[in-house]
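Source file: target_29.txt; contents: compact mmCIF, C-alpha atoms.
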# COMPACT_ATOMS: atom_id res chain seq x y z
CA MET A 1 -14.69 -12.62 -18.32
CA SER A 2 -14.50 -9.01 -17.16
CA ILE A 3 -11.84 -6.57 -16.04
CA LEU A 4 -12.10 -8.13 -12.58
CA ASN A 5 -10.38 -11.23 -13.98
CA ALA A 6 -7.34 -9.08 -14.75
CA ILE A 7 -6.80 -8.29 -11.07
CA GLY A 8 -4.07 -10.40 -9.50
CA ASN A 9 -1.72 -13.06 -10.86
CA THR A 10 0.99 -10.42 -11.20
CA PRO A 11 4.61 -11.34 -11.97
CA LEU A 12 7.39 -11.53 -9.40
CA ILE A 13 10.65 -10.09 -10.70
CA GLU A 14 14.15 -9.66 -9.36
CA ILE A 15 15.86 -6.26 -9.03
CA PRO A 16 19.20 -7.17 -10.63
CA SER A 17 21.26 -4.19 -9.51
CA LEU A 18 20.33 -4.40 -5.84
CA SER A 19 20.60 -8.19 -5.73
CA LYS A 20 24.12 -7.94 -7.12
CA LEU A 21 25.12 -5.31 -4.57
CA CYS A 22 23.90 -7.27 -1.54
CA GLY A 23 24.48 -10.85 -2.66
CA SER A 24 20.88 -11.90 -2.04
CA LYS A 25 17.71 -11.99 -4.10
CA ILE A 26 15.50 -8.92 -3.84
CA LEU A 27 12.19 -9.81 -5.45
CA LEU A 28 9.44 -7.39 -6.40
CA LYS A 29 5.78 -8.34 -6.77
CA CYS A 30 4.51 -6.21 -9.66
CA GLU A 31 1.19 -4.98 -8.31
CA ASN A 32 1.49 -1.92 -10.54
CA LEU A 33 0.29 -4.20 -13.36
CA ASN A 34 -3.22 -4.52 -11.96
CA PRO A 35 -5.87 -2.69 -14.06
CA GLY A 36 -5.99 0.24 -11.65
CA GLY A 37 -2.22 0.32 -11.40
CA SER A 38 -1.87 -0.66 -7.75
CA ILE A 39 -2.14 -3.42 -5.18
CA LYS A 40 -5.33 -1.81 -3.88
CA ASP A 41 -7.28 -3.32 -6.79
CA ARG A 42 -7.14 -6.61 -4.90
CA ALA A 43 -8.69 -5.16 -1.74
CA ALA A 44 -11.34 -3.30 -3.76
CA LYS A 45 -12.37 -6.48 -5.58
CA SER A 46 -12.49 -8.54 -2.39
CA MET A 47 -14.43 -6.00 -0.35
CA VAL A 48 -17.01 -5.30 -3.05
CA LEU A 49 -17.65 -8.92 -4.06
CA LYS A 50 -17.92 -10.12 -0.47
CA ALA A 51 -20.26 -7.23 0.42
CA MET A 52 -22.49 -8.26 -2.46
CA GLU A 53 -22.42 -11.89 -1.31
CA LYS A 54 -23.40 -10.82 2.21
CA GLY A 55 -26.23 -8.62 0.93
CA LYS A 56 -24.66 -5.44 2.30
CA LEU A 57 -24.12 -3.92 -1.14
CA LYS A 58 -27.21 -4.11 -3.29
CA LYS A 59 -28.09 -3.03 -6.79
CA GLY A 60 -28.74 0.72 -6.98
CA MET A 61 -26.50 1.57 -4.02
CA THR A 62 -23.39 3.74 -4.26
CA ILE A 63 -19.95 2.71 -3.01
CA ILE A 64 -18.23 5.33 -0.86
CA GLU A 65 -14.78 5.34 0.69
CA GLY A 66 -12.21 7.66 2.22
CA THR A 67 -8.75 7.06 0.81
CA ALA A 68 -5.40 8.61 -0.03
CA GLY A 69 -5.95 7.57 -3.63
CA ASN A 70 -5.19 4.03 -4.78
CA THR A 71 -8.08 2.29 -3.04
CA GLY A 72 -10.35 4.87 -4.61
CA ILE A 73 -9.03 4.07 -8.06
CA GLY A 74 -9.52 0.35 -7.44
CA LEU A 75 -13.06 0.87 -6.19
CA ALA A 76 -13.86 3.09 -9.16
CA ILE A 77 -12.86 0.31 -11.55
CA VAL A 78 -14.49 -2.54 -9.64
CA GLY A 79 -17.64 -0.53 -8.97
CA ARG A 80 -18.07 0.51 -12.59
CA ALA A 81 -17.47 -3.05 -13.79
CA LEU A 82 -20.30 -4.24 -11.54
CA GLY A 83 -22.68 -1.37 -12.25
CA PHE A 84 -22.23 0.74 -9.11
CA ASP A 85 -21.63 4.46 -8.78
CA VAL A 86 -18.61 5.32 -6.66
CA VAL A 87 -17.86 8.34 -4.45
CA ILE A 88 -14.33 8.86 -3.16
CA VAL A 89 -13.35 11.24 -0.33
CA MET A 90 -9.70 12.20 -0.37
CA PRO A 91 -7.41 14.73 1.36
CA ASN A 92 -6.54 17.56 -1.01
CA ASN A 93 -2.78 17.34 -0.44
CA GLN A 94 -2.27 14.08 -2.31
CA ALA A 95 -0.61 13.85 -5.72
CA LYS A 96 -2.82 15.44 -8.36
CA GLU A 97 -2.17 12.42 -10.59
CA LYS A 98 -4.30 10.31 -8.25
CA GLU A 99 -7.16 12.82 -8.22
CA LYS A 100 -7.25 12.79 -12.00
CA LEU A 101 -7.22 9.00 -12.17
CA ILE A 102 -10.12 8.63 -9.73
CA GLU A 103 -12.28 10.87 -11.89
CA PHE A 104 -10.88 9.34 -15.09
CA PHE A 105 -12.08 5.91 -13.98
CA GLY A 106 -15.58 7.26 -13.40
CA ALA A 107 -15.86 8.00 -9.69
CA LYS A 108 -17.07 11.22 -8.12
CA LEU A 109 -14.30 12.87 -6.13
CA ILE A 110 -14.75 14.89 -2.94
CA THR A 111 -11.60 16.50 -1.55
CA VAL A 112 -11.25 17.76 2.00
CA PRO A 113 -8.45 19.61 3.82
CA PRO A 114 -5.92 17.30 5.54
CA CYS A 115 -6.39 17.14 9.30
CA PRO A 116 -5.70 14.84 12.28
CA PHE A 117 -7.75 11.66 12.54
CA ALA A 118 -9.47 12.99 15.68
CA ASP A 119 -10.97 15.81 13.61
CA GLN A 120 -14.43 14.85 12.33
CA ASN A 121 -13.61 16.52 9.03
CA HIS A 122 -10.92 13.92 8.34
CA PHE A 123 -11.48 12.12 5.02
CA TYR A 124 -12.20 8.85 6.85
CA HIS A 125 -14.92 10.37 9.03
CA THR A 126 -16.37 12.35 6.14
CA ALA A 127 -16.95 9.18 4.11
CA ARG A 128 -18.31 7.34 7.15
CA ARG A 129 -20.69 10.19 7.99
CA ILE A 130 -22.10 10.38 4.48
CA ALA A 131 -22.73 6.62 4.52
CA GLU A 132 -24.32 6.66 7.98
CA GLU A 133 -26.63 9.52 7.09
CA GLN A 134 -28.00 7.65 4.05
CA PRO A 135 -27.52 3.92 4.75
CA GLU A 136 -30.09 2.92 2.15
CA LYS A 137 -28.08 4.67 -0.56
CA PHE A 138 -24.42 4.19 0.39
CA TRP A 139 -22.24 1.21 1.16
CA TRP A 140 -19.07 2.30 2.97
CA ALA A 141 -16.06 0.12 2.09
CA ASP A 142 -14.25 0.97 5.36
CA GLN A 143 -10.93 -0.47 4.17
CA PHE A 144 -9.21 -0.05 7.55
CA GLU A 145 -11.68 -2.12 9.58
CA ASN A 146 -13.19 -4.32 6.85
CA LEU A 147 -11.41 -7.66 7.16
CA ASP A 148 -12.33 -8.61 3.61
CA ASN A 149 -9.39 -6.34 2.79
CA HIS A 150 -6.79 -8.60 4.39
CA LEU A 151 -8.53 -11.67 3.00
CA ALA A 152 -7.74 -10.43 -0.51
CA HIS A 153 -4.06 -10.94 0.27
CA TYR A 154 -4.46 -14.08 2.36
CA GLU A 155 -6.46 -15.71 -0.42
CA THR A 156 -4.62 -14.43 -3.51
CA THR A 157 -1.47 -12.31 -3.10
CA ALA A 158 0.43 -14.46 -0.62
CA PRO A 159 -0.40 -17.81 -2.29
CA GLU A 160 0.83 -16.37 -5.61
CA ILE A 161 4.14 -15.34 -4.03
CA TRP A 162 4.50 -18.70 -2.32
CA GLN A 163 4.03 -20.51 -5.61
CA GLN A 164 6.31 -18.12 -7.53
CA THR A 165 9.16 -18.61 -5.04
CA ASN A 166 8.52 -22.33 -4.50
CA GLY A 167 8.10 -21.45 -0.85
CA LYS A 168 11.65 -20.14 -0.55
CA ILE A 169 11.21 -16.84 1.27
CA ASP A 170 13.38 -15.61 4.10
CA PHE A 171 12.04 -12.07 4.57
CA PHE A 172 8.75 -10.45 3.61
CA ILE A 173 8.91 -6.64 3.75
CA ALA A 174 5.94 -4.27 3.58
CA SER A 175 4.80 -0.84 4.61
CA SER A 176 1.27 -0.48 5.92
CA GLY A 177 -1.65 1.84 5.30
CA SER A 178 -4.90 0.00 5.91
CA GLY A 179 -2.91 -3.04 7.04
CA GLY A 180 -4.58 -5.42 4.62
CA THR A 181 -1.48 -6.43 2.68
CA ILE A 182 0.83 -7.04 5.63
CA GLY A 183 -2.01 -8.60 7.62
CA GLY A 184 -3.11 -11.10 5.00
CA CYS A 185 0.33 -11.98 3.65
CA SER A 186 2.07 -12.39 7.00
CA LYS A 187 -0.72 -14.65 8.24
CA TYR A 188 -0.41 -16.88 5.18
CA PHE A 189 3.39 -17.05 5.24
CA LYS A 190 3.50 -17.87 8.96
CA GLU A 191 1.05 -20.71 8.42
CA LYS A 192 3.23 -22.08 5.64
CA ASN A 193 6.58 -21.58 7.38
CA SER A 194 6.92 -19.94 10.77
CA SER A 195 10.54 -19.00 10.04
CA VAL A 196 9.57 -16.50 7.32
CA LYS A 197 10.22 -13.11 8.90
CA THR A 198 7.76 -10.27 8.35
CA VAL A 199 9.31 -6.80 8.51
CA LEU A 200 7.29 -3.59 8.69
CA VAL A 201 8.88 -0.48 7.23
CA ASP A 202 7.31 2.75 8.39
CA PRO A 203 7.74 6.28 7.04
CA GLU A 204 8.59 9.20 9.27
CA GLY A 205 5.43 10.72 10.76
CA SER A 206 3.81 7.32 11.27
CA GLY A 207 3.61 5.58 14.62
CA LEU A 208 3.19 1.95 13.54
CA ALA A 209 6.80 0.91 13.96
CA TYR A 210 6.93 2.51 17.39
CA PHE A 211 3.67 0.75 18.26
CA VAL A 212 5.07 -2.65 17.25
CA ASN A 213 8.25 -2.07 19.25
CA HIS A 214 6.85 -0.29 22.32
CA GLY A 215 3.09 -0.91 22.46
CA GLU A 216 2.04 2.70 21.98
CA PHE A 217 1.79 5.17 19.14
CA LYS A 218 4.43 7.84 18.90
CA SER A 219 5.95 9.53 15.88
CA SER A 220 8.17 12.35 14.73
CA GLY A 221 8.86 14.07 11.45
CA THR A 222 6.93 13.91 8.19
CA SER A 223 7.18 12.02 4.91
CA ILE A 224 6.50 12.55 1.22
CA THR A 225 4.94 9.09 1.03
CA GLU A 226 1.18 8.86 0.57
CA GLY A 227 -1.39 6.36 1.79
CA ILE A 228 0.90 4.54 4.22
CA GLY A 229 1.62 4.95 7.90
CA ILE A 230 -1.04 5.69 10.50
CA MET A 231 -1.36 6.50 14.19
CA ARG A 232 -3.88 3.88 15.26
CA ALA A 233 -4.21 0.08 15.32
CA VAL A 234 -6.86 -0.94 12.82
CA ALA A 235 -8.52 -4.33 12.37
CA ASN A 236 -6.58 -5.36 9.28
CA PHE A 237 -3.20 -4.51 10.78
CA LYS A 238 -4.11 -6.50 13.89
CA GLN A 239 -4.09 -9.62 11.69
CA ALA A 240 -0.37 -9.17 11.03
CA THR A 241 2.44 -11.02 12.75
CA VAL A 242 5.39 -8.63 12.61
CA ASP A 243 8.86 -9.83 13.56
CA GLU A 244 10.65 -6.51 13.12
CA ALA A 245 9.65 -2.90 12.50
CA PHE A 246 11.66 0.22 11.78
CA ASN A 247 11.40 3.69 10.26
CA LEU A 248 13.22 4.91 7.16
CA GLU A 249 13.82 8.52 6.26
CA ASP A 250 12.61 9.92 2.95
CA GLN A 251 16.15 10.41 1.70
CA ASP A 252 16.65 6.62 1.75
CA LEU A 253 13.66 5.95 -0.47
CA VAL A 254 14.55 8.83 -2.82
CA ASN A 255 18.05 7.40 -3.30
CA VAL A 256 16.82 3.88 -3.99
CA ALA A 257 14.01 5.03 -6.31
CA HIS A 258 16.42 6.93 -8.52
CA TYR A 259 19.04 4.15 -8.39
CA VAL A 260 16.73 1.39 -9.66
CA ARG A 261 15.27 3.72 -12.28
CA GLU A 262 18.76 4.36 -13.65
CA HIS A 263 20.06 0.78 -13.37
CA ASP A 264 17.02 -1.46 -13.83
CA GLY A 265 14.40 0.58 -15.68
CA ILE A 266 12.09 0.23 -12.65
CA THR A 267 10.13 3.37 -11.78
CA LEU A 268 8.68 3.02 -8.29
CA GLY A 269 6.00 4.99 -6.52
CA SER A 270 6.89 6.42 -3.12
CA SER A 271 5.50 3.56 -1.02
CA SER A 272 7.15 1.02 -3.33
CA ALA A 273 10.45 2.88 -3.01
CA LEU A 274 10.13 2.71 0.77
CA ASN A 275 9.56 -1.06 0.55
CA VAL A 276 12.56 -1.59 -1.71
CA ALA A 277 14.83 0.64 0.35
CA ALA A 278 13.94 -1.38 3.45
CA ALA A 279 14.51 -4.70 1.67
CA PHE A 280 17.92 -3.49 0.49
CA GLN A 281 18.96 -2.33 3.96
CA LEU A 282 17.94 -5.67 5.45
CA ALA A 283 19.74 -7.58 2.72
CA LYS A 284 22.97 -5.67 3.40
CA ARG A 285 22.64 -6.51 7.09
CA GLU A 286 21.91 -10.21 6.72
CA ASN A 287 24.11 -13.02 5.41
CA LYS A 288 24.23 -13.41 1.65
CA GLY A 289 22.07 -15.90 -0.22
CA LYS A 290 18.74 -14.93 1.31
CA THR A 291 15.46 -14.14 -0.48
CA PHE A 292 13.66 -10.86 0.24
CA VAL A 293 10.16 -10.23 -1.14
CA THR A 294 8.41 -6.89 -1.26
CA PHE A 295 5.89 -4.96 -3.37
CA TRP A 296 5.85 -2.65 -6.33
CA CYS A 297 2.65 -1.19 -4.89
CA ASP A 298 2.01 1.30 -7.67
CA SER A 299 3.83 2.88 -10.58
CA GLY A 300 6.07 5.89 -10.43
CA GLU A 301 3.90 8.15 -12.58
CA ARG A 302 1.64 8.62 -9.54
CA SER A 303 4.62 10.09 -7.73
CA ALA A 304 5.97 12.08 -10.68
CA SER A 305 5.13 15.46 -9.18
CA LYS A 306 6.90 14.61 -5.93
CA LEU A 307 9.40 11.74 -5.93
CA TYR A 308 10.73 12.53 -9.40
CA ASN A 309 10.39 16.31 -9.22
CA GLU A 310 13.70 17.88 -8.23
CA GLU A 311 12.11 21.21 -7.35
CA PHE A 312 9.67 19.54 -4.98
CA LEU A 313 12.38 17.40 -3.42
CA ASN A 314 14.57 20.45 -2.84
CA SER A 315 11.65 22.12 -1.06
CA LYS A 316 11.69 19.19 1.38
CA ASN A 317 15.50 19.32 1.77
CA LEU A 318 15.86 16.08 -0.20
CA LYS A 319 18.49 15.48 -2.83
CA ILE A 320 18.63 13.15 -5.83
CA ASN A 321 21.74 11.12 -5.03
CA PRO A 322 21.33 7.50 -6.14
CA GLY A 323 25.02 6.79 -5.59
CA ALA A 324 24.48 7.25 -1.86
CA ILE A 325 23.06 3.71 -1.56
CA LEU A 326 26.49 2.21 -2.25

Written as structure tokens, that's how I'd like the structure from this file.
Amino acid sequence: MSILNAIGNTPLIEIPSLSKLCGSKILLKCENLNPGGSIKDRAAKSMVLKAMEKGKLKKGMTIIEGTAGNTGIGLAIVGRALGFDVVIVMPNNQAKEKEKLIEFFGAKLITVPPCPFADQNHFYHTARRIAEEQPEKFWWADQFENLDNHLAHYETTAPEIWQQTNGKIDFFIASSGSGGTIGGCSKYFKEKNSSVKTVLVDPEGSGLAYFVNHGEFKSSGTSITEGIGIMRAVANFKQATVDEAFNLEDQDLVNVAHYVREHDGITLGSSSALNVAAAFQLAKRENKGKTFVTFWCDSGERSASKLYNEEFLNSKNLKINPGAIL
């Protein structure tokens, strides 16, 4: 047994206050209870173990990845548990809590200025370039294009949810960063029951919802969310079957985050709050008696300096008004 055995098999809980308001079940998969505190532990474990099985990651090599934070934390834990050094490249505008955790779990952190994906100094390209320049030393996880990411959720996350709900799911709601979660889970659910609807919720500033609805990438605005929403179709997202996609504004997720903290003792991170806000909006729209499943991707302490910081929220013209969800 090792810490890797603690990844997965997370509980599925109901959000009582929201379920009562909408007359349906809103269920939350508690991925914040993984050792690294997020759903990305699953992808990290899958990608590393399968790379070792394939002979791509060998003893003495270093794992490297570009990430907005949580995948880096997961890789740091998995890498250390298996005896690998880990280097994480991250944009320097992410929550400082994530930077500290990456280093706390034993990885080397490289931060770079945020820039468009087309810029070769982007965190993704920086990690790729380092790996390509020294292929004998580095194994690049490449979470966006590495399909072992989505397999983590096809093989573990979705089957757990299916068992925990006895196969009674009407809507599966998820945001997308690398696309692994929505790709793997939607594939599994559709194979089990084609009537399960997969809904993508996208933050402002991301073009995924527009891409699903119109076949091209287009976006407007910005969001306080981190690690989700992109402007390109990556391999893991291409595995997803999405029935509906829409954008939510930051004010919606702020309201829901503070509502469930006050009424349920649930402290969500920003991406989790986006998921829950979307599930609640769908549940209000649909007939009562349905079951909506989404993710508690990571815990709220990683968003403490933003989502739960009134001064920061005011700087973004956002208000703490949980009563607005009613």

Neighbouring residues of stretch 69-78 of chain A were defined as those with any atom within 10 Å, considering all atoms listed in the file; residues of the same chain fewer than 6 positions away were excluded. Please report them as an NGL selection string.
:A and (2-4 or 7 or 34-49 or 63 or 84-91 or 94-109 or 141 or 143 or 178 or 226-227 or 297-298 or 302)

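If you measure from each of A:Leu200, A:Ala279, A:Leu147, A:Ile64 to A:Val256 using all atoms listed in the file, the closest one turns out to be A:Ala279.
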
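Rounded to one decimal, atom CA of A:Lys25 and atom CA of A:Ser270 lie 21.4 Å from each other.
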
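If you count only C-alpha atoms and ignore residues fewer than 6 places along the chain from A:Pro159, what sits within 9 Å of it is His153, Cys185, Tyr188 and Phe189 of chain A.
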
Set the distance at 9 Å and use all atoms listed in the file: which residues neighbour A:Pro16 once local chain neighbours fewer than 5 positions away are removed? I'd like the list as a VMD selection string.
chain A and resid 21 25 to 26 260 263 to 264

Using all atoms listed in the file, can you tell me which of A:Val254, A:Glu65, A:Ala304, A:Lys137 comes closest to A:Ile110?
A:Glu65

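If you measure from each of A:Lys290, A:Lys319, A:Lys58, A:His125 to A:Lys168 using all atoms listed in the file, the closest one turns out to be A:Lys290.
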
Ranking A:Leu18, A:Asp170, A:Asn32, A:Met52 by minimum distance to A:Glu286 and counting all atoms listed in the file, which one comes first?
A:Asp170

Nearest to A:Ala51 among A:Asn149, A:Gly323, A:Gly184, A:Thr126, with distances taken over only C-alpha atoms: which residue is it?
A:Asn149

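Proximity of A:Phe123, A:Tyr154, A:Phe292, A:Phe217 to A:Gly180, computed with only C-alpha atoms, is greatest for A:Tyr154.
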
Quick one: residues within 9 Å of A:Ala240, all atoms listed in the file, excluding same-chain residues fewer than 5 positions away - as a PyMOL selection string?
chain A and resi 179-187+198

Filtering to C-alpha atoms, could you give me those residues as a PDB file, keeping the file's coordinate frame?
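Just written: again16.pdb:
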ATOM      1  CA  GLY A 179      -2.910  -3.040   7.040  1.00  0.00           C
ATOM      2  CA  GLY A 180      -4.580  -5.420   4.620  1.00  0.00           C
ATOM      3  CA  THR A 181      -1.480  -6.430   2.680  1.00  0.00           C
ATOM      4  CA  ILE A 182       0.830  -7.040   5.630  1.00  0.00           C
ATOM      5  CA  GLY A 183      -2.010  -8.600   7.620  1.00  0.00           C
ATOM      6  CA  GLY A 184      -3.110 -11.100   5.000  1.00  0.00           C
ATOM      7  CA  CYS A 185       0.330 -11.980   3.650  1.00  0.00           C
ATOM      8  CA  SER A 186       2.070 -12.390   7.000  1.00  0.00           C
ATOM      9  CA  LYS A 187      -0.720 -14.650   8.240  1.00  0.00           C
ATOM     10  CA  THR A 198       7.760 -10.270   8.350  1.00  0.00           C
TER      11      THR A 198
END

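The interatomic distance for the pair atom CA of A:Arg232 and atom CA of A:Leu282 works out to 25.8 Å.
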
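Reported to one decimal place, the separation of atom CA of A:His150 from atom CA of A:Gly8 is 14.3 Å.
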
Would you list the contacts of A:Pro135 as a list of chain:residue names, taking every protein, DNA or RNA residue within 12 Å and counting only C-alpha atoms, but skipping same-chain residues closer than 4 positions in sequence?
A:Lys56, A:Leu57, A:Lys58, A:Met61, A:Thr62, A:Ile63, A:Ile64, A:Ala127, A:Arg128, A:Arg129, A:Ile130, A:Ala131, A:Trp139, A:Trp140

Output, as lines of an AutoDock Vina configuration file, the centre and edge lengths in Å (one decimal) of the axis-aligned box that contains all listed atoms of stretch 287-304 of chain A with 4 Å of margin on each side.
center_x = 12.9
center_y = -1.9
center_z = -3.6
size_x = 30.6
size_y = 36.0
size_z = 26.0

Neighbourhood query: residues within 12 Å of (5.9, -19.0, -1.6), file coordinates, counting all atoms listed in the file; return as a count of residues only.
32
